[in-house]
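Visitor: The structure's right below; bear with me while I get my questions together.
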Amino acid sequence: MRVLKFILKLFIGLFLSALAIGIAGYAYYSKDLPDVATLKDVRLQTPMQVLSKDGELIAIFGERRRTPLKYNEMPPMVVNAVIATEDARFHEHFGIDPIGIVRAMYIGLKQKGFSQGGSTITQQVAKNFFLTPEKSITRKVKEMILAIRMEKELSKEEIMALYLNMINFGSRAYGVAAASYTFFGKTPEQLTVDEAALLAGLPNAPSAFNPITHPDRALIRRNWVLGRMLDQSYITQAEYNAAIIKALGTSYHAPQIEFSAPYVAEMARQFMFDKFGENAYTDGYKVYTTISKTDQIAAKEAVQKHIIDYDIRHGYRGAEKVLWQANEMPWNFEQIQQTLSKYICYSGMCPAVVMTSSDKEATAVLSDKSNITIDYQNMKWARPFISDTRQGAYPKKVSDTLKSGQLIWVKKSDTDWELAQIPAVNAALVSLDSDNGAIKAIVGGYDFNLSKFNRATQALRQLGSNIKPFIYTATLEQGLTMATLLNDAPIVRSAGSATWRPKNSPPIYAGPLRLRIGLGMSKNVMMVRALRAVGIDYAAEYLERFGFPKENISHNESLALGSASFTPLQVARAYAVITNGGYLISPYLIEKIEDNNGKGVIYQHQPLIACHNCADNDAMVESIPVSLANVENELNETGNEEPEQANLRVDDNLVLPNIDTANKVTDVTPKYAPHTVNSGIAFIMKDGLRSIVFGGSDWQGTAWRAKVLGRKDVGGKTGTTNSSKDVWFSGFGGNIVTTVWMGFDDHRRDLGRTVRAEAGAVTANPVWVDYMKVALKDVPVVEDVKPQNVISVTIDQKTGLLPQPGSRTMSEYFIKGTEPTTYATQEVGTRVTDSEGNTSELF
């Protein structure tokens with residue numbers, strides 16, 4: 001009896017001591033533990049998605065691939081497989097599993113170290129969210145305390161959802177949704193029993209059981225999970241028998257990008273990083289851009305096609321590298337593959353090594369170890385490149401160009417392999433909605449992987465004749481008209497020992513011509529005379545109305561020939577002012593941003609728009625035309641300023657999101673862009689740009705190639721700088737304005753010539769046409785409404801004055817008060833008839 005009493009007292013004493021120790025330990029280890037209630041509003045690390053305006057995925061930024069799901073979106077089969085694997089008593093315990101703890105303690109004592117955790121799913125969630133991964137008694141106690149608190153604060157469903165959304169499955173896949181796609185290319189509800197079992201077995205050791213890198217281990221682990229599911233009656237014997245014999249069926253599935261737009265994605269990434277820092281990559285933002293898949297693909301294809309066309313017509317620059325000469329021992333297979341592995345493919349162009357070459361064909365090996373054949377038809381273009389202005393003769397046989405041991409570039413056509421080369425030239429395209437500034441497409445170069453430099457937004461290049469519409473607009477503001485006569489004749493200007501001779505291209509001169517013809521035929525000397533008429537300083541300052549940074553604008557006569565340097569985006573914005581009636585819109589790329597944590601839309605762009613129905617409040621131009629008497633004289637310049645290259649600005653007012661994460665954007669009131677150019681003047685200049693496409697009754701505009709679009713609402717301007725270092729085409733159709741630039745990144749190189757010189761009309765205009773064919777497909781033809789201050793007057797085609805009877809006439813637009821008031825002088829001859837009836841002029 002005494003023994004029993006002693007044992008009872010001892011037991012009670014031990015129990016009370018254990019209880020006291022437990023309470024003390026709970027109090028001690030509970031200090032500074034986080035509040036588990038925060039898990040109700042947890043922010044899982046989720047990558048940023050960049051999407052088109054239609055919601056198509058362009059890019060993902062973030063190390064952890066994750067697509068959070070709600071509990072009711074998780075298939076019961078997946079949940080059951082995880083419970084069977086990780087925590088069989090998940091629905092019965094209160095956060096910790098005493099049986100599991102005893103098992104872990106037994107194994108720990110036996111192995112003299114705690115290698116087994118015995119953790120419940122709740123404990124694993126607590127550890128992953130709040131604690132370090134160290135293996136110690138202190139961390140284990142804290143984990144248990146947090147687990148108990150979690151079970152009081154959260155439901156079993158909430159805990160399971162946190163676990164299945166949080167856990168690492170390997171291959172950068174976090175959460176069951178990401179894992180389902182990464183390994184099977186499926187959504188969770190599409191998983192079969194064996195696939196669910198495979199995923200359930202991965203979190204225990206995601207690297208060791210990875211089915212891509214360790215398929216044998218993964219198969220053993222999957223089958224063990226299937227056995228656990230059978231033991232706990234989550235599946236039947238028949239289901240087990242069917243699942244156990246299946247192959248893994250796994251392969252790596254990268255995130256499904258709908259279309260590639262890397263320059264767009266990088267611009268969006270930079271915007272988000274500037275605002276959110278590293279959190280941009282983990283907080284699950286969805287960034288909707290303004291571009292569409294159709295337009296962006298068309299832009300990319302147009303740019304790449306014409307870069308390659310340029311490169312081909314200028315000749316083959318030879319092999320990338322020569323691995324062995326004809327008289328040397330060929331490399332072995334391993335050496336070749338090791339070299340090829342150092343290269344990647346660029347826009348379909350891949351490296352290859354020539355193995356044999358004959359008159360009719362060459363054989364080569366690719367980096368994937370496959371063998372290909374290149375026949376004469378697919379390399380006959382490769383006449384040698386001598387310089388930017390000279391090319392050699394076309395090869396007569398394959399072996400003239402391709403020889404064993406050469407590392408070359410190839411690309412696949414429909415069925416054949418062709419000789420190729422990485423282009424040295426580059427180009428950019430940017431397309432805007434001229435009414436609100438939304439970027440419809442943007443391409444910053446041939447291939448983002450080849451060069452991440454975005455030429456559309458960062459390249460400052462001389463504008464050439466692309467600047468003429470803006471200076472001519474300034475002259476219209478000062479009283480010149482499209483009917484004003486300017487002399488198309490050579491100019492020689494001397495200043496000390498220096499002589500300046502601006503020339504037309506080609507150097508053809510026609511004498512006095514109307515300003516409309518000078519614009520349409522891009523007459524350089526007429527542009528210089530127009531600049532002199534209004535003054536350099538006035539014209540230079542007027543350019544700022546189109547959004548051009550004043551730091552980039554030269555104050556000398558060369559401004560008339562486009563010596564100023566701007567980015568393609570700056571140029572497109574400026575042309576939008578002419579197109580939309582004189583409003584300086586601000587380009588933007590990000591349409592809206594969604595938060596992944598329940599806040600919905602945290603940014604909605606409200607663009608500054610052109611107001612087509614607003615009254616024009618600009619001052620009417622007075623009917624006092626500028627004197628043209630002095631345009632032939634030397635100009636006494638006050639500035640002669642050329643901007644320093646270091647001071648040039650690429651700032652183009654591209655709108656950065658101003659995100660208020662605390663409040664949703666609710667103000668949807670339209671806001672109008674600044675009205676910087678009189679609507680009537682913008683209307684007349686826009687009509688002048690159409691003349692560059694359609695020409696006149698006896699002259700052809702430089703942009704005539706755009707007529708292939710079959711629309712009457714298109715217009716644009718070519719541009720070519722000295723020595724063809726830069727070529728441009730900027731134009732519009734409907735409400736779309738697009739600028740194309742092409743040139744070398746090395747400013748010292750010229751685009752040169754082949755059978756003809758490279759120029760804006762023949763080099764940049766075709767890129768624009770190919771893109772606009774697609775961009776304008778569903779865009780209605782725009783009928784411009786003539787502003788109230790614009791009148792149409794019939795004029796004499798030759799003089800621009802009011803016509804005499806019998807004159808060749810045309811209709812021209814004028815700002816009220818600037819129309820001609822005098823009649824053209826009609827030449828009258830005196831004809832005489834001799835005695836034989838023959839007539840002739842007396843004088």
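Just remember, in the structure tokens the first chain shown is A, the second B, etc., residues are 1-based per chain, and ligands are 1-based in the order shown.
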Among stretch 389-556 of chain A, which ones does DSSP place in helix (DSSP H, G or I), written as number ranges by chain?

Guide: A: 398-400, 455-458, 464-477, 515-520, 524-534, 536-546, 550-552

Visitor: I want to know what sits within 8 Å of A:Ile60, based on only C-alpha atoms, with residues of the same chain fewer than 2 positions away left out; could you give that as an MDAnalysis selection string?

Guide: chainID A and resid 47:50 57:58 62 255

Visitor: I'd like the neighbourhood of A:Ile553 as number ranges by chain, where a residue qualifies if any of its atoms comes within 7 Å (using only C-alpha atoms), though same-chain residues fewer than 6 positions away should be ignored.

Guide: A: 540, 564, 643

Visitor: May I have a table of the residues of stretch 218-313 of chain A lying at most 12 Å from stretch 652-658 of chain A, giving each one's closest pair of atoms and their distance in Å to one decimal, counting only C-alpha atoms, ordered by chain and ascending residue number, as CSV?

Guide:
```
residue,atom,partner,partner_atom,distance
A:Met267,CA,A:Leu656,CA,10.2
A:Ala268,CA,A:Leu656,CA,9.5
A:Arg269,CA,A:Leu656,CA,11.6
A:Gln270,CA,A:Leu656,CA,10.0
A:Phe271,CA,A:Leu656,CA,6.6
A:Met272,CA,A:Pro657,CA,8.5
A:Phe273,CA,A:Leu656,CA,11.5
A:Asp274,CA,A:Leu656,CA,9.4
A:Lys275,CA,A:Pro657,CA,8.4
A:Phe276,CA,A:Pro657,CA,11.4
A:Val287,CA,A:Pro657,CA,10.7
A:Tyr288,CA,A:Pro657,CA,11.7
A:Thr289,CA,A:Pro657,CA,11.5
```

Visitor: Which distance in Å separates atom CA of A:Phe209 and atom CA of A:Ala173, to one decimal?

Guide: 13.7 Å
